[in-house]
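Q: Provided below: upload_35.pdb, containing PDB, C-alpha atoms, pLDDT in the B column.
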```pdb
ATOM      1  CA  MET A   1     115.703 -45.115 123.144  1.00 79.00           C
ATOM      2  CA  ARG A   2     115.661 -44.146 119.470  1.00 93.00           C
ATOM      3  CA  PHE A   3     115.222 -46.334 116.422  1.00 97.00           C
ATOM      4  CA  ARG A   4     117.523 -46.077 113.433  1.00 97.00           C
ATOM      5  CA  ASP A   5     114.656 -46.183 110.935  1.00 97.00           C
ATOM      6  CA  ARG A   6     111.279 -47.838 110.405  1.00 98.00           C
ATOM      7  CA  ARG A   7     112.801 -51.135 109.282  1.00 97.00           C
ATOM      8  CA  GLN A   8     114.903 -51.459 112.407  1.00 98.00           C
ATOM      9  CA  ALA A   9     111.902 -50.477 114.526  1.00 98.00           C
ATOM     10  CA  GLY A  10     109.805 -53.100 112.760  1.00 98.00           C
ATOM     11  CA  ALA A  11     112.415 -55.785 113.385  1.00 98.00           C
ATOM     12  CA  ALA A  12     112.514 -54.939 117.099  1.00 98.00           C
ATOM     13  CA  LEU A  13     108.729 -54.903 117.284  1.00 98.00           C
ATOM     14  CA  ALA A  14     108.555 -58.237 115.470  1.00 98.00           C
ATOM     15  CA  GLU A  15     110.830 -59.838 118.057  1.00 97.00           C
ATOM     16  CA  ARG A  16     108.487 -58.768 120.853  1.00 98.00           C
ATOM     17  CA  LEU A  17     105.441 -59.988 118.948  1.00 98.00           C
ATOM     18  CA  LEU A  18     107.101 -63.309 118.187  1.00 97.00           C
ATOM     19  CA  VAL A  19     107.452 -63.867 121.936  1.00 97.00           C
ATOM     20  CA  ARG A  20     103.773 -63.028 122.418  1.00 97.00           C
ATOM     21  CA  ARG A  21     102.870 -65.486 119.673  1.00 96.00           C
ATOM     22  CA  GLU A  22     104.896 -68.220 121.327  1.00 95.00           C
ATOM     23  CA  GLU A  23     103.013 -67.406 124.539  1.00 96.00           C
ATOM     24  CA  GLY A  24      99.717 -67.973 122.727  1.00 95.00           C
ATOM     25  CA  ALA A  25      98.630 -64.320 122.573  1.00 95.00           C
ATOM     26  CA  LEU A  26      98.602 -63.999 118.745  1.00 96.00           C
ATOM     27  CA  PRO A  27      96.683 -66.935 117.267  1.00 96.00           C
ATOM     28  CA  ASP A  28      96.367 -66.851 113.465  1.00 97.00           C
ATOM     29  CA  PRO A  29      97.657 -63.301 113.017  1.00 98.00           C
ATOM     30  CA  VAL A  30      96.797 -61.010 110.108  1.00 98.00           C
ATOM     31  CA  VAL A  31      98.958 -57.882 109.970  1.00 98.00           C
ATOM     32  CA  LEU A  32      97.179 -54.654 109.027  1.00 97.00           C
ATOM     33  CA  ALA A  33      99.407 -51.658 108.390  1.00 97.00           C
ATOM     34  CA  LEU A  34      98.451 -47.997 108.579  1.00 96.00           C
ATOM     35  CA  PRO A  35      99.853 -46.264 105.488  1.00 95.00           C
ATOM     36  CA  ARG A  36     102.132 -44.832 104.845  1.00 95.00           C
ATOM     37  CA  GLY A  37     104.824 -45.117 107.528  1.00 96.00           C
ATOM     38  CA  GLY A  38     103.254 -48.087 109.236  1.00 97.00           C
ATOM     39  CA  VAL A  39     103.635 -50.229 106.122  1.00 97.00           C
ATOM     40  CA  VAL A  40     107.427 -50.322 106.384  1.00 97.00           C
ATOM     41  CA  VAL A  41     107.232 -51.310 110.053  1.00 98.00           C
ATOM     42  CA  ALA A  42     104.503 -53.863 109.417  1.00 98.00           C
ATOM     43  CA  ALA A  43     106.431 -55.550 106.608  1.00 97.00           C
ATOM     44  CA  GLU A  44     109.060 -56.665 109.119  1.00 97.00           C
ATOM     45  CA  VAL A  45     106.375 -57.845 111.525  1.00 98.00           C
ATOM     46  CA  ALA A  46     104.578 -59.869 108.849  1.00 97.00           C
ATOM     47  CA  ARG A  47     107.839 -61.417 107.670  1.00 96.00           C
ATOM     48  CA  VAL A  48     108.896 -62.594 111.126  1.00 97.00           C
ATOM     49  CA  LEU A  49     105.418 -63.820 112.076  1.00 97.00           C
ATOM     50  CA  ASP A  50     104.978 -65.404 108.614  1.00 96.00           C
ATOM     51  CA  ALA A  51     101.591 -63.694 108.492  1.00 96.00           C
ATOM     52  CA  PRO A  52      99.562 -62.048 105.710  1.00 95.00           C
ATOM     53  CA  LEU A  53     100.167 -58.309 105.270  1.00 96.00           C
ATOM     54  CA  ASP A  54      97.577 -55.797 104.129  1.00 95.00           C
ATOM     55  CA  VAL A  55      96.674 -52.170 104.736  1.00 95.00           C
ATOM     56  CA  LEU A  56      93.827 -50.413 106.468  1.00 94.00           C
ATOM     57  CA  VAL A  57      93.663 -46.751 105.535  1.00 94.00           C
ATOM     58  CA  ALA A  58      92.844 -44.167 108.188  1.00 95.00           C
ATOM     59  CA  ARG A  59      93.248 -40.402 108.201  1.00 95.00           C
ATOM     60  CA  LYS A  60      93.824 -37.960 111.005  1.00 94.00           C
ATOM     61  CA  ILE A  61      91.531 -34.945 111.293  1.00 96.00           C
ATOM     62  CA  GLY A  62      93.783 -32.083 112.255  1.00 93.00           C
ATOM     63  CA  ALA A  63      92.907 -28.807 113.928  1.00 92.00           C
ATOM     64  CA  PRO A  64      92.371 -26.022 111.334  1.00 91.00           C
ATOM     65  CA  PHE A  65      95.159 -23.873 112.759  1.00 88.00           C
ATOM     66  CA  GLN A  66      97.535 -26.798 113.452  1.00 87.00           C
ATOM     67  CA  PRO A  67      97.031 -29.718 111.044  1.00 87.00           C
ATOM     68  CA  GLU A  68      99.496 -31.953 112.888  1.00 83.00           C
ATOM     69  CA  LEU A  69      97.363 -31.762 116.035  1.00 85.00           C
ATOM     70  CA  GLY A  70      94.905 -34.632 115.730  1.00 87.00           C
ATOM     71  CA  VAL A  71      91.445 -33.896 117.101  1.00 93.00           C
ATOM     72  CA  GLY A  72      89.728 -36.767 115.317  1.00 94.00           C
ATOM     73  CA  ALA A  73      90.127 -39.444 112.679  1.00 96.00           C
ATOM     74  CA  ILE A  74      88.317 -41.501 110.072  1.00 96.00           C
ATOM     75  CA  ALA A  75      88.852 -45.119 109.039  1.00 93.00           C
ATOM     76  CA  GLY A  76      87.135 -46.875 106.176  1.00 83.00           C
ATOM     77  CA  ASP A  77      83.598 -45.607 105.664  1.00 84.00           C
ATOM     78  CA  ASP A  78      82.928 -45.243 109.388  1.00 87.00           C
ATOM     79  CA  GLU A  79      81.674 -42.010 110.873  1.00 91.00           C
ATOM     80  CA  PRO A  80      84.450 -39.708 112.131  1.00 94.00           C
ATOM     81  CA  PHE A  81      85.743 -40.245 115.640  1.00 93.00           C
ATOM     82  CA  PHE A  82      86.411 -37.041 117.565  1.00 94.00           C
ATOM     83  CA  ASP A  83      88.342 -36.368 120.741  1.00 92.00           C
ATOM     84  CA  GLU A  84      85.586 -34.493 122.558  1.00 92.00           C
ATOM     85  CA  ARG A  85      87.929 -33.167 125.220  1.00 91.00           C
ATOM     86  CA  ALA A  86      90.276 -31.757 122.581  1.00 91.00           C
ATOM     87  CA  LEU A  87      87.377 -30.080 120.795  1.00 94.00           C
ATOM     88  CA  ASP A  88      86.207 -28.459 124.025  1.00 95.00           C
ATOM     89  CA  ARG A  89      89.702 -27.367 124.967  1.00 93.00           C
ATOM     90  CA  LEU A  90      90.308 -25.780 121.565  1.00 94.00           C
ATOM     91  CA  GLY A  91      86.832 -24.311 121.156  1.00 95.00           C
ATOM     92  CA  LEU A  92      86.131 -26.332 118.004  1.00 94.00           C
ATOM     93  CA  SER A  93      82.842 -27.738 116.793  1.00 94.00           C
ATOM     94  CA  LYS A  94      82.273 -30.810 114.627  1.00 94.00           C
ATOM     95  CA  ALA A  95      80.449 -28.632 112.104  1.00 94.00           C
ATOM     96  CA  ALA A  96      83.507 -26.399 111.725  1.00 93.00           C
ATOM     97  CA  LEU A  97      85.610 -29.467 110.935  1.00 96.00           C
ATOM     98  CA  GLU A  98      83.337 -30.814 108.195  1.00 95.00           C
ATOM     99  CA  PRO A  99      85.436 -29.369 105.309  1.00 95.00           C
ATOM    100  CA  ILE A 100      88.561 -31.004 106.754  1.00 96.00           C
ATOM    101  CA  VAL A 101      86.701 -34.300 107.212  1.00 96.00           C
ATOM    102  CA  GLU A 102      85.631 -34.247 103.557  1.00 95.00           C
ATOM    103  CA  GLN A 103      89.182 -33.505 102.397  1.00 95.00           C
ATOM    104  CA  GLU A 104      90.553 -36.372 104.461  1.00 95.00           C
ATOM    105  CA  ARG A 105      87.768 -38.685 103.271  1.00 95.00           C
ATOM    106  CA  ASP A 106      88.715 -37.939  99.656  1.00 95.00           C
ATOM    107  CA  GLU A 107      92.379 -38.696 100.407  1.00 95.00           C
ATOM    108  CA  LEU A 108      91.391 -41.872 102.255  1.00 95.00           C
ATOM    109  CA  HIS A 109      89.420 -43.100  99.230  1.00 94.00           C
ATOM    110  CA  ARG A 110      92.299 -42.209  96.901  1.00 95.00           C
ATOM    111  CA  ARG A 111      94.727 -44.267  98.944  1.00 95.00           C
ATOM    112  CA  GLU A 112      92.306 -47.168  99.314  1.00 93.00           C
ATOM    113  CA  GLN A 113      91.872 -47.339  95.554  1.00 94.00           C
ATOM    114  CA  LEU A 114      95.613 -47.063  94.977  1.00 95.00           C
ATOM    115  CA  TYR A 115      96.669 -49.617  97.596  1.00 95.00           C
ATOM    116  CA  ARG A 116      93.739 -52.026  97.611  1.00 88.00           C
ATOM    117  CA  LYS A 117      92.515 -51.852  93.986  1.00 87.00           C
ATOM    118  CA  GLY A 118      88.970 -52.585  95.132  1.00 84.00           C
ATOM    119  CA  ARG A 119      89.936 -55.599  97.256  1.00 87.00           C
ATOM    120  CA  ALA A 120      88.011 -56.135 100.458  1.00 87.00           C
ATOM    121  CA  ILE A 121      89.784 -56.220 103.792  1.00 89.00           C
ATOM    122  CA  PRO A 122      91.140 -59.727 104.544  1.00 92.00           C
ATOM    123  CA  GLU A 123      88.932 -62.173 106.412  1.00 94.00           C
ATOM    124  CA  LEU A 124      89.479 -61.515 110.114  1.00 97.00           C
ATOM    125  CA  THR A 125      86.889 -63.739 111.783  1.00 96.00           C
ATOM    126  CA  GLY A 126      88.726 -65.943 114.280  1.00 94.00           C
ATOM    127  CA  HIS A 127      92.075 -64.298 113.505  1.00 97.00           C
ATOM    128  CA  THR A 128      94.184 -61.898 115.539  1.00 98.00           C
ATOM    129  CA  ALA A 129      94.206 -58.534 113.793  1.00 98.00           C
ATOM    130  CA  VAL A 130      97.639 -57.009 114.432  1.00 98.00           C
ATOM    131  CA  VAL A 131      97.325 -53.294 113.646  1.00 98.00           C
ATOM    132  CA  VAL A 132     100.745 -51.724 113.076  1.00 98.00           C
ATOM    133  CA  ASP A 133     101.875 -48.110 112.772  1.00 98.00           C
ATOM    134  CA  ASP A 134     105.234 -46.374 113.140  1.00 98.00           C
ATOM    135  CA  GLY A 135     104.079 -44.571 116.288  1.00 97.00           C
ATOM    136  CA  VAL A 136     101.094 -43.171 118.144  1.00 96.00           C
ATOM    137  CA  ALA A 137     100.963 -39.569 119.351  1.00 92.00           C
ATOM    138  CA  THR A 138      97.410 -38.618 120.366  1.00 90.00           C
ATOM    139  CA  GLY A 139      95.825 -42.015 119.759  1.00 92.00           C
ATOM    140  CA  VAL A 140      92.807 -40.719 117.836  1.00 92.00           C
ATOM    141  CA  THR A 141      93.788 -42.302 114.510  1.00 94.00           C
ATOM    142  CA  ALA A 142      94.687 -45.592 116.163  1.00 95.00           C
ATOM    143  CA  LEU A 143      91.411 -45.631 118.071  1.00 95.00           C
ATOM    144  CA  ALA A 144      89.338 -44.991 114.935  1.00 95.00           C
ATOM    145  CA  THR A 145      91.247 -47.783 113.190  1.00 96.00           C
ATOM    146  CA  LEU A 146      90.749 -50.257 116.021  1.00 96.00           C
ATOM    147  CA  ARG A 147      87.020 -49.571 116.073  1.00 95.00           C
ATOM    148  CA  SER A 148      86.845 -50.102 112.327  1.00 94.00           C
ATOM    149  CA  VAL A 149      88.728 -53.394 112.646  1.00 96.00           C
ATOM    150  CA  ARG A 150      86.328 -54.574 115.348  1.00 95.00           C
ATOM    151  CA  ARG A 151      83.482 -54.421 112.838  1.00 93.00           C
ATOM    152  CA  HIS A 152      85.118 -57.308 110.975  1.00 94.00           C
ATOM    153  CA  ASP A 153      84.747 -59.656 113.972  1.00 96.00           C
ATOM    154  CA  PRO A 154      88.376 -60.641 114.655  1.00 97.00           C
ATOM    155  CA  GLY A 155      89.110 -63.066 117.454  1.00 96.00           C
ATOM    156  CA  ARG A 156      91.531 -60.571 119.010  1.00 97.00           C
ATOM    157  CA  VAL A 157      92.833 -57.111 118.213  1.00 98.00           C
ATOM    158  CA  THR A 158      96.425 -56.156 118.999  1.00 98.00           C
ATOM    159  CA  LEU A 159      97.872 -52.718 118.377  1.00 98.00           C
ATOM    160  CA  ALA A 160     101.624 -52.915 117.843  1.00 98.00           C
ATOM    161  CA  VAL A 161     103.850 -49.839 117.558  1.00 98.00           C
ATOM    162  CA  PRO A 162     107.508 -49.060 118.255  1.00 98.00           C
ATOM    163  CA  VAL A 163     106.750 -45.861 120.194  1.00 98.00           C
ATOM    164  CA  CYS A 164     103.719 -44.162 121.687  1.00 97.00           C
ATOM    165  CA  SER A 165     102.883 -41.463 124.179  1.00 96.00           C
ATOM    166  CA  PRO A 166     101.723 -42.701 127.601  1.00 95.00           C
ATOM    167  CA  GLU A 167      98.446 -40.790 127.184  1.00 94.00           C
ATOM    168  CA  ALA A 168      97.753 -42.441 123.830  1.00 94.00           C
ATOM    169  CA  ALA A 169      98.609 -45.858 125.242  1.00 94.00           C
ATOM    170  CA  LEU A 170      95.960 -45.424 127.927  1.00 94.00           C
ATOM    171  CA  LEU A 171      93.390 -44.376 125.329  1.00 91.00           C
ATOM    172  CA  VAL A 172      93.937 -47.238 122.890  1.00 94.00           C
ATOM    173  CA  ARG A 173      94.098 -49.873 125.617  1.00 94.00           C
ATOM    174  CA  GLU A 174      90.390 -49.233 126.110  1.00 91.00           C
ATOM    175  CA  GLU A 175      89.730 -50.566 122.600  1.00 94.00           C
ATOM    176  CA  ALA A 176      92.457 -53.152 121.890  1.00 97.00           C
ATOM    177  CA  ASP A 177      92.769 -56.531 123.557  1.00 97.00           C
ATOM    178  CA  GLU A 178      96.486 -55.844 123.825  1.00 97.00           C
ATOM    179  CA  VAL A 179      98.805 -52.947 123.089  1.00 97.00           C
ATOM    180  CA  VAL A 180     102.439 -53.785 122.371  1.00 98.00           C
ATOM    181  CA  CYS A 181     104.548 -50.630 122.495  1.00 97.00           C
ATOM    182  CA  LEU A 182     108.322 -50.853 122.836  1.00 98.00           C
ATOM    183  CA  HIS A 183     108.861 -47.339 124.162  1.00 97.00           C
ATOM    184  CA  GLU A 184     106.527 -44.942 126.006  1.00 96.00           C
ATOM    185  CA  PRO A 185     108.619 -41.798 126.610  1.00 96.00           C
ATOM    186  CA  VAL A 186     107.140 -39.346 129.076  1.00 93.00           C
ATOM    187  CA  ALA A 187     108.429 -36.359 127.086  1.00 93.00           C
ATOM    188  CA  PHE A 188     106.950 -37.680 123.840  1.00 94.00           C
ATOM    189  CA  MET A 189     106.498 -34.537 121.675  1.00 91.00           C
ATOM    190  CA  ALA A 190     106.299 -36.266 118.246  1.00 92.00           C
ATOM    191  CA  VAL A 191     106.765 -39.703 116.673  1.00 95.00           C
ATOM    192  CA  GLY A 192     109.608 -38.570 114.400  1.00 95.00           C
ATOM    193  CA  LEU A 193     111.792 -37.536 117.333  1.00 96.00           C
ATOM    194  CA  TRP A 194     112.261 -41.197 118.235  1.00 97.00           C
ATOM    195  CA  TYR A 195     113.765 -42.119 114.862  1.00 98.00           C
ATOM    196  CA  GLU A 196     117.173 -41.155 113.527  1.00 97.00           C
ATOM    197  CA  GLU A 197     115.768 -41.399 109.989  1.00 97.00           C
ATOM    198  CA  PHE A 198     112.120 -40.501 109.520  1.00 97.00           C
ATOM    199  CA  ASP A 199     111.691 -39.561 105.877  1.00 96.00           C
ATOM    200  CA  GLN A 200     108.185 -39.450 104.468  1.00 94.00           C
ATOM    201  CA  VAL A 201     107.143 -42.751 102.888  1.00 96.00           C
ATOM    202  CA  THR A 202     105.794 -42.396  99.349  1.00 96.00           C
ATOM    203  CA  ASP A 203     102.912 -44.158  97.653  1.00 95.00           C
ATOM    204  CA  ASP A 204     105.401 -45.967  95.411  1.00 95.00           C
ATOM    205  CA  GLU A 205     107.279 -47.296  98.443  1.00 96.00           C
ATOM    206  CA  VAL A 206     104.012 -48.561  99.946  1.00 96.00           C
ATOM    207  CA  LEU A 207     103.145 -50.340  96.704  1.00 95.00           C
ATOM    208  CA  ASP A 208     106.624 -51.864  96.490  1.00 94.00           C
ATOM    209  CA  VAL A 209     106.270 -53.286  99.999  1.00 94.00           C
ATOM    210  CA  LEU A 210     102.794 -54.648  99.345  1.00 91.00           C
ATOM    211  CA  HIS A 211     103.983 -56.275  96.113  1.00 87.00           C
ATOM    212  CA  GLY A 212     107.048 -57.778  97.760  1.00 80.00           C
ATOM    213  CA  LEU A 213     109.528 -55.585  95.911  1.00 63.00           C
ATOM    214  CA  SER A 214     111.051 -53.927  98.974  1.00 56.00           C
TER
END
```
As structure tokens, please, write out the structure in this file.
A:
Amino acid sequence: MRFRDRRQAGAALAERLLVRREEGALPDPVVLALPRGGVVVAAEVARVLDAPLDVLVARKIGAPFQPELGVGAIAGDDEPFFDERALDRLGLSKAALEPIVEQERDELHRREQLYRKGRAIPELTGHTAVVVDDGVATGVTALATLRSVRRHDPGRVTLAVPVCSPEAALLVREEADEVVCLHEPVAFMAVGLWYEEFDQVTDDEVLDVLHGLS
């Protein structure tokens, strides 16, 4: 199962979430997208659910020798979340990762200022926070995001993604009230492998979506 692009994946995900809403599992949803790729997916979800769309910026903390390998993550102003087992397996310490954490924190603040313009996160009390990304590989970024969302006292938290690894799905199910994932391939490898088109989403594209121009 491969998706044509993020829009098509978002439309398919929205159909599944619409069923869950009709079943009573998504009362008063607010859609929170993880930039950048998750914004394109989330736009389709918000449109079908007729729900507000906003962003919640999180950043992966990659291993020094392999940046794509997530060993931790930050979301908002929360303390970093680390995958302790990954650190042990790779022989990494939190202290050694501090320069990377600071770099990612700077990029997180840059994106928050660009996308949110100083706006606070939407009111979530009593709402279902539907956190959307284009895929979940290790689960560390999603987990940090879910924990950050919990601090805003939502009624429920749902993580919704087109594709995720089975290992990541197990991890995030410990934090979310529900995980909606359309495809959990055993031989996962990377999120981009499950899309025919997986071009990098730009800041301008994110802003166009958030302003209703795309």
Q: Could you tell me how far CA of Ala160 in chain A sits from CA of Leu17 in chain A, in Å to one decimal place?
A: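 Between these atoms lies a distance of 8.1 Å.
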Q: So which residues touch Val161 in chain A within 9 Å, counting all atoms listed in the file, skipping near sequence neighbours fewer than 6 positions away, as number ranges by chain?
A: A: 9-10, 13, 38, 41, 131-136, 179-183
Q: Hey, what comes out of the PyMOL selection byres ((chain A and resi 47-58) around 10) on this file? Could you write it as JSON, numbers by chain?
A: {"A": [10, 11, 13, 14, 15, 17, 18, 21, 26, 28, 29, 30, 31, 32, 33, 34, 35, 36, 38, 39, 42, 43, 44, 45, 46, 59, 60, 61, 73, 74, 75, 76, 77, 104, 105, 107, 108, 109, 110, 111, 112, 115, 116, 121, 122, 130, 131, 132, 141, 142, 144, 145, 148, 149, 206, 209, 210]}
Q: My list of candidates is A:Glu22, A:Arg147, A:Leu69, A:Val201. Which is closest to Phe81 in chain A when distances are computed with all atoms listed in the file?
A: A:Arg147
Q: In Å, how far is it from CA of Thr128 in chain A to CA of Arg156 in chain A?
A: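 Separation between CA of Thr128 in chain A and CA of Arg156 in chain A: 4.6 Å.
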Q: Find the residue from A:Val71, A:Leu159, A:Leu92, A:Met1 that sits nearest to Pro185 in chain A; use only C-alpha atoms when measuring.
A: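 For Pro185 in chain A, the nearest of the candidates is A:Met1.
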Q: Just give me the gap between CA of Asp203 in chain A and CA of Asp106 in chain A in Å, one decimal is fine.
A: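 That distance, rounded to one decimal, is 15.6 Å.
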